[in-house]
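**Student:** Pasting coords.cif below, which is mmCIF, C-alpha atoms and all ligand atoms.
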```
data_start
loop_
_atom_site.label_atom_id
_atom_site.label_comp_id
_atom_site.auth_asym_id
_atom_site.auth_seq_id
_atom_site.Cartn_x
_atom_site.Cartn_y
_atom_site.Cartn_z
CA MET A 1300 93.33 119.07 93.03
CA GLY A 1301 90.83 120.37 90.50
CA ASP A 1302 87.22 121.44 91.07
CA LEU A 1303 85.55 118.10 91.51
CA PRO A 1304 83.13 117.44 94.39
CA ILE A 1305 84.51 116.78 97.82
CA VAL A 1306 84.07 113.41 99.54
CA SER A 1307 82.95 114.26 103.04
CA VAL A 1308 84.79 111.41 104.79
CA ASN A 1309 88.27 112.58 103.91
CA ASN A 1310 87.90 115.96 102.20
CA ILE A 1311 89.87 114.60 99.25
CA LYS A 1312 88.17 115.36 95.97
CA LYS A 1313 86.90 112.30 94.13
CA ASN A 1314 88.16 110.88 90.84
CA ILE A 1315 91.43 112.69 90.88
CA ARG A 1316 94.83 111.51 91.86
CA PRO A 1317 96.05 112.96 95.15
CA LYS A 1318 99.43 114.67 95.22
CA VAL A 1319 101.69 112.33 97.18
CA PHE A 1320 105.14 113.50 98.25
CA VAL A 1321 107.53 110.64 99.04
CA THR A 1322 110.54 111.91 100.99
CA ARG A 1323 113.03 109.05 100.34
CA LYS A 1324 113.84 106.55 97.61
CA LEU A 1325 111.64 103.47 98.12
CA PRO A 1326 112.04 100.03 96.48
CA ASP A 1327 111.21 100.15 92.76
CA PRO A 1328 107.97 98.10 92.88
CA VAL A 1329 106.61 100.49 95.52
CA GLU A 1330 107.51 103.60 93.54
CA THR A 1331 105.97 102.11 90.39
CA ARG A 1332 102.70 101.46 92.25
CA MET A 1333 102.77 104.96 93.73
CA MET A 1334 103.18 106.43 90.24
CA GLU A 1335 100.34 104.28 88.84
CA LEU A 1336 97.86 105.22 91.53
CA PHE A 1337 98.77 108.73 92.63
CA ASP A 1338 100.24 111.99 91.38
CA SER A 1339 103.50 111.07 93.13
CA ARG A 1340 106.64 113.05 93.61
CA LEU A 1341 109.57 110.74 94.25
CA ASN A 1342 113.05 111.35 95.58
CA LEU A 1343 115.16 109.29 93.18
CA ASP A 1344 118.49 110.68 94.44
CA ASP A 1345 117.49 109.78 98.01
CA VAL A 1346 119.00 112.94 99.48
CA PRO A 1347 117.15 113.55 102.78
CA LEU A 1348 115.00 116.69 102.71
CA ASP A 1349 116.11 119.65 104.79
CA ARG A 1350 113.57 121.60 106.86
CA GLU A 1351 112.80 124.07 104.08
CA GLU A 1352 112.15 121.27 101.62
CA LEU A 1353 109.93 119.50 104.14
CA ILE A 1354 107.96 122.69 104.67
CA MET A 1355 107.62 123.07 100.91
CA ALA A 1356 106.39 119.46 100.74
CA VAL A 1357 103.67 119.94 103.37
CA GLN A 1358 102.59 123.16 101.66
CA THR A 1359 102.02 121.45 98.32
CA ALA A 1360 101.19 117.79 98.89
CA ASP A 1361 97.84 116.26 99.85
CA ILE A 1362 99.65 113.33 101.40
CA LEU A 1363 103.19 113.14 102.76
CA VAL A 1364 105.05 109.81 102.90
CA PRO A 1365 107.97 110.33 105.32
CA THR A 1366 110.37 107.91 106.95
CA VAL A 1367 112.16 107.80 110.29
CA THR A 1368 114.76 110.27 108.96
CA ASP A 1369 112.21 113.11 108.61
CA VAL A 1370 111.52 115.06 111.76
CA ILE A 1371 107.91 116.21 111.38
CA ASP A 1372 107.62 118.45 114.42
CA SER A 1373 104.88 120.93 115.29
CA GLU A 1374 106.58 123.70 113.32
CA ILE A 1375 106.51 121.63 110.14
CA ILE A 1376 102.92 120.53 110.76
CA ASN A 1377 101.76 124.06 111.53
CA SER A 1378 103.32 125.31 108.33
CA ALA A 1379 101.30 122.80 106.27
CA GLY A 1380 98.68 124.10 103.89
CA ASN A 1381 95.05 123.05 104.35
CA GLN A 1382 95.45 120.64 101.45
CA LEU A 1383 97.63 118.29 103.59
CA LYS A 1384 95.25 115.59 104.79
CA MET A 1385 97.44 112.65 105.65
CA ILE A 1386 100.91 111.65 106.73
CA ALA A 1387 101.34 108.02 105.62
CA ASN A 1388 104.53 107.00 107.36
CA PHE A 1389 106.80 104.40 105.77
CA GLY A 1390 107.63 102.52 108.98
CA ALA A 1391 106.00 101.37 112.19
CA GLY A 1392 107.53 103.86 114.64
CA VAL A 1393 106.01 107.35 114.53
CA ASP A 1394 108.08 109.03 117.24
CA HIS A 1395 109.51 111.43 114.63
CA ILE A 1396 106.03 112.88 114.03
CA ASP A 1397 104.27 115.27 116.41
CA LEU A 1398 100.99 113.37 116.65
CA GLN A 1399 99.30 115.97 118.82
CA ALA A 1400 100.04 118.80 116.38
CA ALA A 1401 98.75 116.61 113.54
CA ALA A 1402 95.53 115.83 115.46
CA VAL A 1403 94.91 119.53 116.04
CA ARG A 1404 95.20 120.09 112.28
CA ASN A 1405 92.99 117.05 111.53
CA ILE A 1406 95.83 115.39 109.66
CA ILE A 1407 95.53 111.62 109.67
CA ILE A 1408 98.65 109.62 110.55
CA THR A 1409 99.17 106.02 109.43
CA ASN A 1410 102.03 103.56 109.83
CA THR A 1411 103.09 100.11 108.61
CA PRO A 1412 102.93 97.69 111.54
CA GLY A 1413 102.94 93.90 111.20
CA VAL A 1414 104.94 93.57 108.01
CA LEU A 1415 108.30 94.19 109.67
CA THR A 1416 107.77 92.12 112.80
CA GLU A 1417 109.64 88.97 111.78
CA ASP A 1418 112.57 90.80 110.19
CA THR A 1419 113.07 92.99 113.25
CA ALA A 1420 112.83 89.95 115.54
CA ASP A 1421 115.49 88.24 113.41
CA ILE A 1422 117.84 91.20 113.77
CA THR A 1423 117.23 91.17 117.52
CA MET A 1424 118.24 87.51 117.70
CA ALA A 1425 121.25 88.27 115.52
CA LEU A 1426 122.32 90.97 117.97
CA ILE A 1427 121.83 88.64 120.94
CA LEU A 1428 124.11 86.08 119.31
CA MET A 1429 126.62 88.61 118.01
CA THR A 1430 126.96 90.29 121.38
CA ALA A 1431 127.01 87.26 123.69
CA ARG A 1432 129.26 85.22 121.37
CA ARG A 1433 131.58 88.12 120.44
CA LEU A 1434 131.05 87.64 116.70
CA GLY A 1435 131.93 91.21 115.70
CA GLU A 1436 135.25 90.94 117.49
CA GLY A 1437 135.98 87.64 115.73
CA GLU A 1438 135.15 89.06 112.34
CA ARG A 1439 137.37 92.09 112.92
CA ILE A 1440 140.30 89.85 113.88
CA VAL A 1441 139.96 87.85 110.68
CA ARG A 1442 139.48 90.89 108.43
CA ASN A 1443 142.49 92.63 110.01
CA ASN A 1444 144.62 89.55 109.22
CA GLU A 1445 145.22 89.09 112.94
CA TRP A 1446 143.97 85.50 113.18
CA THR A 1447 146.86 83.15 113.77
CA GLY A 1448 144.72 80.05 114.24
CA TRP A 1449 142.45 78.32 116.73
CA THR A 1450 143.24 78.48 120.42
CA PRO A 1451 141.33 76.93 123.33
CA THR A 1452 140.78 80.28 125.02
CA GLN A 1453 140.28 82.79 122.23
CA LEU A 1454 137.16 85.00 122.28
CA LEU A 1455 135.23 83.00 124.83
CA GLY A 1456 131.72 84.38 124.96
CA SER A 1457 128.68 83.72 127.10
CA LYS A 1458 126.48 80.68 126.49
CA ILE A 1459 122.92 81.75 125.81
CA THR A 1460 121.11 78.43 126.35
CA GLY A 1461 119.39 78.46 129.73
CA LYS A 1462 119.96 82.18 130.34
CA ARG A 1463 117.24 84.63 131.38
CA LEU A 1464 116.06 87.01 128.65
CA GLY A 1465 114.09 90.05 129.84
CA ILE A 1466 111.92 91.53 127.08
CA VAL A 1467 110.80 95.11 127.63
CA GLY A 1468 107.59 95.39 125.60
CA LEU A 1469 105.86 92.14 124.63
CA GLY A 1470 103.99 93.49 121.62
CA ARG A 1471 104.26 92.14 118.07
CA ILE A 1472 108.06 92.33 117.82
CA GLY A 1473 108.72 91.39 121.45
CA SER A 1474 106.52 88.29 121.05
CA ALA A 1475 108.28 87.29 117.81
CA VAL A 1476 111.61 87.62 119.65
CA ALA A 1477 110.24 85.52 122.54
CA HIS A 1478 109.20 82.69 120.17
CA ARG A 1479 112.64 82.64 118.57
CA ALA A 1480 114.49 82.95 121.88
CA LYS A 1481 112.51 80.06 123.38
CA GLY A 1482 113.76 77.92 120.50
CA PHE A 1483 117.30 78.88 121.50
CA GLY A 1484 116.67 77.62 125.03
CA LEU A 1485 116.44 81.05 126.64
CA LYS A 1486 114.07 81.53 129.59
CA ILE A 1487 111.55 84.22 128.71
CA HIS A 1488 110.81 87.05 131.13
CA TYR A 1489 108.93 90.21 130.23
CA HIS A 1490 107.73 93.56 131.40
CA ASN A 1491 104.81 95.19 129.63
CA ARG A 1492 102.36 97.95 130.44
CA ASN A 1493 99.67 95.26 130.46
CA ARG A 1494 100.18 91.63 131.32
CA VAL A 1495 99.44 89.43 128.29
CA ILE A 1496 96.80 86.70 128.32
CA SER A 1497 97.70 83.59 130.26
CA LYS A 1498 97.53 81.36 127.15
CA LYS A 1499 100.32 83.39 125.56
CA GLU A 1500 102.36 83.31 128.77
CA GLU A 1501 101.93 79.52 128.91
CA GLN A 1502 102.95 79.12 125.26
CA LEU A 1503 106.12 81.12 125.83
CA GLU A 1504 106.61 79.80 129.37
CA ALA A 1505 107.07 83.49 130.11
CA THR A 1506 107.43 85.11 133.52
CA TYR A 1507 105.75 88.49 133.93
CA TRP A 1508 107.43 91.19 136.01
CA GLU A 1509 105.16 94.03 137.00
CA SER A 1510 108.19 95.94 138.20
CA LEU A 1511 110.64 96.82 135.42
CA ASP A 1512 113.26 97.66 138.05
CA GLN A 1513 113.05 94.19 139.55
CA MET A 1514 113.20 92.45 136.19
CA LEU A 1515 116.25 94.45 135.10
CA ALA A 1516 118.09 93.43 138.25
CA HIS A 1517 117.61 89.70 137.61
CA MET A 1518 118.31 89.19 133.90
CA ASP A 1519 121.27 87.87 131.87
CA LEU A 1520 120.12 89.56 128.66
CA ILE A 1521 117.74 92.48 128.18
CA VAL A 1522 115.98 93.26 124.92
CA LEU A 1523 114.11 96.50 124.20
CA THR A 1524 111.16 96.09 121.86
CA CYS A 1525 108.73 98.68 123.20
CA PRO A 1526 107.59 101.64 121.07
CA SER A 1527 109.16 105.03 121.54
CA THR A 1528 106.61 107.36 123.11
CA PRO A 1529 106.98 110.29 125.49
CA ALA A 1530 106.44 107.74 128.30
CA SER A 1531 109.25 105.44 127.17
CA HIS A 1532 111.85 108.19 126.64
CA HIS A 1533 114.91 107.13 128.69
CA LEU A 1534 112.88 104.27 130.18
CA LEU A 1535 116.29 102.75 130.83
CA SER A 1536 117.49 105.77 132.76
CA GLU A 1537 120.86 105.94 134.48
CA ARG A 1538 119.21 104.79 137.72
CA ARG A 1539 117.65 101.75 136.03
CA LEU A 1540 120.80 100.92 134.06
CA LYS A 1541 122.64 100.77 137.36
CA LEU A 1542 120.25 98.01 138.53
CA ILE A 1543 121.49 95.71 135.77
CA GLN A 1544 124.05 93.06 136.73
CA PRO A 1545 127.58 93.41 135.28
CA HIS A 1546 127.33 90.12 133.34
CA CYS A 1547 124.16 91.24 131.50
CA PHE A 1548 123.94 92.29 127.83
CA ILE A 1549 121.50 94.91 126.49
CA ILE A 1550 120.00 94.71 123.01
CA ASN A 1551 118.04 97.57 121.45
CA THR A 1552 116.17 97.30 118.15
CA SER A 1553 113.45 99.81 119.02
CA ARG A 1554 114.58 103.43 119.26
CA GLY A 1555 117.76 104.93 120.65
CA ASN A 1556 116.02 107.30 123.03
CA ILE A 1557 114.56 104.46 125.11
CA ILE A 1558 118.01 104.15 126.72
CA ASP A 1559 119.91 107.04 128.28
CA GLN A 1560 122.74 106.52 125.79
CA LYS A 1561 125.27 108.65 127.66
CA ALA A 1562 124.72 106.66 130.85
CA LEU A 1563 124.93 103.39 128.89
CA VAL A 1564 128.30 104.39 127.42
CA ASN A 1565 129.63 105.26 130.89
CA LEU A 1566 128.43 102.01 132.45
CA LEU A 1567 129.86 99.94 129.58
CA ASP A 1568 133.10 101.85 129.97
CA GLU A 1569 133.22 101.09 133.69
CA GLY A 1570 132.52 97.38 133.04
CA LEU A 1571 129.20 97.56 134.87
CA ILE A 1572 127.31 96.16 131.85
CA ALA A 1573 128.82 93.26 129.88
CA GLY A 1574 128.03 94.52 126.39
CA ALA A 1575 125.40 95.94 124.08
CA GLY A 1576 123.92 95.15 120.69
CA LEU A 1577 122.50 98.30 119.19
CA ASP A 1578 120.59 98.81 115.95
CA VAL A 1579 119.30 102.25 116.97
CA PHE A 1580 120.83 105.35 118.56
CA GLU A 1581 119.77 108.59 120.22
CA ASP A 1582 120.91 110.92 117.45
CA GLU A 1583 121.10 108.81 114.28
CA PRO A 1584 123.28 108.65 112.28
CA THR A 1585 125.67 110.17 114.83
CA ILE A 1586 127.19 107.56 117.13
CA PRO A 1587 129.61 108.55 119.92
CA SER A 1588 133.13 107.45 118.96
CA LYS A 1589 133.57 105.97 122.43
CA LEU A 1590 130.73 103.54 121.66
CA LYS A 1591 132.17 102.71 118.23
CA ASN A 1592 135.51 101.87 119.81
CA MET A 1593 134.14 99.43 122.38
CA GLU A 1594 134.90 95.82 121.47
CA ASN A 1595 131.94 94.52 123.50
CA VAL A 1596 129.41 96.62 121.57
CA VAL A 1597 127.84 95.50 118.31
CA ILE A 1598 126.64 98.39 116.19
CA LEU A 1599 124.29 98.12 113.22
CA PRO A 1600 123.02 100.97 111.03
CA HIS A 1601 119.28 100.65 111.86
CA LEU A 1602 118.77 97.47 109.82
CA GLY A 1603 115.76 96.08 111.75
CA SER A 1604 113.37 95.90 108.80
CA ALA A 1605 115.99 95.94 106.05
CA THR A 1606 114.93 93.04 103.82
CA MET A 1607 113.72 93.52 100.26
CA GLU A 1608 110.50 91.66 101.08
CA GLY A 1609 109.95 93.69 104.23
CA ARG A 1610 110.53 97.07 102.65
CA VAL A 1611 108.27 96.22 99.69
CA ALA A 1612 105.57 95.08 102.13
CA MET A 1613 105.98 98.35 104.06
CA GLY A 1614 105.54 100.28 100.81
CA GLU A 1615 102.47 98.21 99.87
CA THR A 1616 101.02 98.98 103.30
CA VAL A 1617 101.60 102.70 102.72
CA VAL A 1618 99.83 102.41 99.34
CA ILE A 1619 96.85 100.59 100.95
CA ASN A 1620 96.65 103.22 103.69
CA ILE A 1621 96.57 106.04 101.14
CA LYS A 1622 94.20 104.31 98.73
CA THR A 1623 91.62 103.43 101.37
CA PHE A 1624 91.75 106.98 102.69
CA VAL A 1625 91.41 108.52 99.23
CA ASP A 1626 88.52 106.16 98.44
CA GLY A 1627 86.77 107.30 101.60
CA HIS A 1628 87.03 104.02 103.51
CA LYS A 1629 88.16 103.37 107.07
CA VAL A 1630 91.95 103.61 107.03
CA PRO A 1631 93.48 100.34 108.28
CA ASN A 1632 96.63 101.50 110.06
CA ARG A 1633 95.61 104.81 111.56
CA VAL A 1634 97.77 105.89 114.49
CA LEU A 1635 95.79 107.49 117.25
CA GLU A 1636 97.87 109.30 119.83
CA THR A 1637 95.55 108.12 122.55
CA LEU A 1638 96.28 104.48 121.75
CA LEU A 1639 100.06 104.75 122.01
C1 LIG B 1701 112.19 101.33 109.45
C2 LIG B 1701 111.73 101.15 111.94
O1 LIG B 1701 113.16 100.94 108.59
O2 LIG B 1701 109.52 100.89 111.12
C3 LIG B 1701 110.25 101.32 111.98
O3 LIG B 1701 109.77 101.90 112.98
O4 LIG B 1701 112.37 101.40 112.87
C4 LIG B 1701 112.50 100.69 110.78
O5 LIG B 1701 112.49 99.32 110.73
C5 LIG B 1701 112.14 102.84 109.48
O6 LIG B 1701 111.38 103.32 110.50
C6 LIG B 1701 111.58 103.35 108.17
O7 LIG B 1701 111.05 104.62 108.30
#
```
Just dump the structure as structure tokens.
Ligand code: 8YV
**Tutor:**
Amino acid sequence: MGDLPIVSVNNIKKNIRPKVFVTRKLPDPVETRMMELFDSRLNLDDVPLDREELIMAVQTADILVPTVTDVIDSEIINSAGNQLKMIANFGAGVDHIDLQAAAVRNIIITNTPGVLTEDTADITMALILMTARRLGEGERIVRNNEWTGWTPTQLLGSKITGKRLGIVGLGRIGSAVAHRAKGFGLKIHYHNRNRVISKKEEQLEATYWESLDQMLAHMDLIVLTCPSTPASHHLLSERRLKLIQPHCFIINTSRGNIIDQKALVNLLDEGLIAGAGLDVFEDEPTIPSKLKNMENVVILPHLGSATMEGRVAMGETVVINIKTFVDGHKVPNRVLETLL
């Protein structure tokens, strides 16, 4: 990065454009801005990087811009050159990055929270409706030319008005789901590490369950909107999944590893859970064929934040994170492991 003086705050040398390595194709306006502001290396073909390419990236770039598809584990971080100062993630979830290894190397991690809240909440509602009202099944019947006309008993689903919705994680996305769900006449229940302020509970007419086990056992629909952290890995373990009533549906728009996927498949198979709406999976993009063949499961290819506006806003947030860091200011969306 040349021989110019070093800014003490961030160790990035002033007045020069940092080398930014973007691992995936981003929306055009974002890439254009990245090119204008930084010495950016883009991935126009959008072929995911393999481990060797990722290692090469962290050995050459000042700033890496990865996505959920890049596993930045301790080996990758430890192979980074001293020039790597920041990992500016395109996305809110950072479970694919070893935060501890990055902290040891003084590499700053940022994410893009806030801008994808509404879109992810919309997809969650879509999955609630698709699953409870059997919309995927209906669409498949029509597309397969199997629809012979209306009948009084075809594809009868479950009414959602008046049902109990248990939200696991009442953060930004969980709250946005709660607001929408209330409008649909669902009764809001939630479990969270910390109980939210009473004003918010009153607004949502929400019931707090300190015990996740107890909440799971009493719900008609369960939605997972908590972040994926070491503590939430398999939060819905086989034991907890078995507490759920057989008429209940599970919706996951967070991360696949929050549910023990193998146990979920078995319980769905045995009819002990009514159905599932899944936007995320344990080993994306691999999805067990058993799950894909279940009529009562709705499967989406991780579309939570997939709107043009949302993805551009995520890119703009990445640009702001990098620019403030390079300019030596306090970085707005820094992820501190201790806060997760
Ligand atoms: C993103 C997401 O599309 O932001 C997240 O955490 O799960 C998705 O909505 C993806 O992570 C982009 O990297």
**Student:** Between CA of Thr1368 (chain A) and CA of Ala1530 (chain A), what is the spacing in Å?
**Tutor:** 21.2 Å
**Student:** Please provide the set of residues having any atom within 6 Å of region 1470-1486 of chain A, restricted to all atoms listed in the file, with same-chain residues fewer than 6 positions apart removed, written as a PyMOL selection string.
**Tutor:** chain A and resi 1416+1420+1460-1464+1524
**Student:** Can you pull out every residue within 8 Å of Gly1390 (chain A), counting all atoms listed in the file, but drop anything in the same chain fewer than 2 positions away, and send it as a VMD selection string?
**Tutor:** chain A and resid 1366 to 1367 1388 1392 to 1393 1410 to 1412 1613
**Student:** May I ask for the distance between CA of Pro1326 (chain A) and CA of Leu1353 (chain A), given in Å to one decimal place?
**Tutor:**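 Computing it gives 21.0 Å between the two atoms.
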**Student:** Between A:Ser1373, A:Asn1632, A:Asn1405, A:Thr1606, which residue has the minimum interatomic distance to ligand LIG 1701 (chain B), considering all atoms listed in the file?
**Tutor:**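 Smallest separation from ligand LIG 1701 (chain B) among the options: A:Thr1606.
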**Student:** In terms of the shortest atom-to-atom distance over all atoms listed in the file, which of A:Val1596, A:Val1441, A:Ala1387, A:Val1329 is closest to Leu1363 (chain A)?
**Tutor:** A:Ala1387
**Student:** Could you model N, CA and C atoms for region 1486-1507 of chain A and present them as a CSV table (one decimal), in the coordinates of the input?
**Tutor:**
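Generated file (part21.csv):
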```csv
chain,number,residue,atom,x,y,z
A,1486,LYS,N,115.3,81.4,128.7
A,1486,LYS,CA,114.1,81.5,129.6
A,1486,LYS,C,113.5,82.9,129.4
A,1487,ILE,N,112.2,82.9,129.1
A,1487,ILE,CA,111.6,84.2,128.7
A,1487,ILE,C,111.0,84.9,129.9
A,1488,HIS,N,111.4,86.2,130.1
A,1488,HIS,CA,110.8,87.0,131.1
A,1488,HIS,C,110.3,88.3,130.4
A,1489,TYR,N,109.3,89.0,130.9
A,1489,TYR,CA,108.9,90.2,130.2
A,1489,TYR,C,108.3,91.2,131.2
A,1490,HIS,N,108.4,92.5,130.7
A,1490,HIS,CA,107.7,93.6,131.4
A,1490,HIS,C,106.9,94.3,130.3
A,1491,ASN,N,105.7,94.6,130.6
A,1491,ASN,CA,104.8,95.2,129.6
A,1491,ASN,C,103.8,96.1,130.4
A,1492,ARG,N,103.3,97.1,129.7
A,1492,ARG,CA,102.4,98.0,130.4
A,1492,ARG,C,101.2,97.1,130.9
A,1493,ASN,N,100.7,96.2,130.1
A,1493,ASN,CA,99.7,95.3,130.5
A,1493,ASN,C,100.2,93.8,130.4
A,1494,ARG,N,99.8,93.0,131.4
A,1494,ARG,CA,100.2,91.6,131.3
A,1494,ARG,C,99.4,91.0,130.2
A,1495,VAL,N,100.1,90.1,129.4
A,1495,VAL,CA,99.4,89.4,128.3
A,1495,VAL,C,98.6,88.3,128.8
A,1496,ILE,N,97.7,87.8,127.9
A,1496,ILE,CA,96.8,86.7,128.3
A,1496,ILE,C,97.6,85.4,128.7
A,1497,SER,N,97.0,84.7,129.7
A,1497,SER,CA,97.7,83.6,130.3
A,1497,SER,C,98.1,82.5,129.2
A,1498,LYS,N,97.2,82.4,128.2
A,1498,LYS,CA,97.5,81.4,127.2
A,1498,LYS,C,98.9,81.7,126.5
A,1499,LYS,N,99.1,83.0,126.2
A,1499,LYS,CA,100.3,83.4,125.6
A,1499,LYS,C,101.5,83.2,126.5
A,1500,GLU,N,101.3,83.5,127.8
A,1500,GLU,CA,102.4,83.3,128.8
A,1500,GLU,C,102.7,81.8,128.8
A,1501,GLU,N,101.7,81.0,128.8
A,1501,GLU,CA,101.9,79.5,128.9
A,1501,GLU,C,102.7,79.0,127.7
A,1502,GLN,N,102.3,79.5,126.5
A,1502,GLN,CA,103.0,79.1,125.3
A,1502,GLN,C,104.4,79.4,125.3
A,1503,LEU,N,104.7,80.6,125.8
A,1503,LEU,CA,106.1,81.1,125.8
A,1503,LEU,C,106.8,80.7,127.1
A,1504,GLU,N,106.1,80.1,128.0
A,1504,GLU,CA,106.6,79.8,129.4
A,1504,GLU,C,107.3,81.1,129.9
A,1505,ALA,N,106.5,82.2,129.8
A,1505,ALA,CA,107.1,83.5,130.1
A,1505,ALA,C,106.7,83.9,131.5
A,1506,THR,N,107.6,84.6,132.2
A,1506,THR,CA,107.4,85.1,133.5
A,1506,THR,C,107.2,86.6,133.4
A,1507,TYR,N,106.1,87.1,134.0
A,1507,TYR,CA,105.8,88.5,133.9
A,1507,TYR,C,106.3,89.2,135.2
```
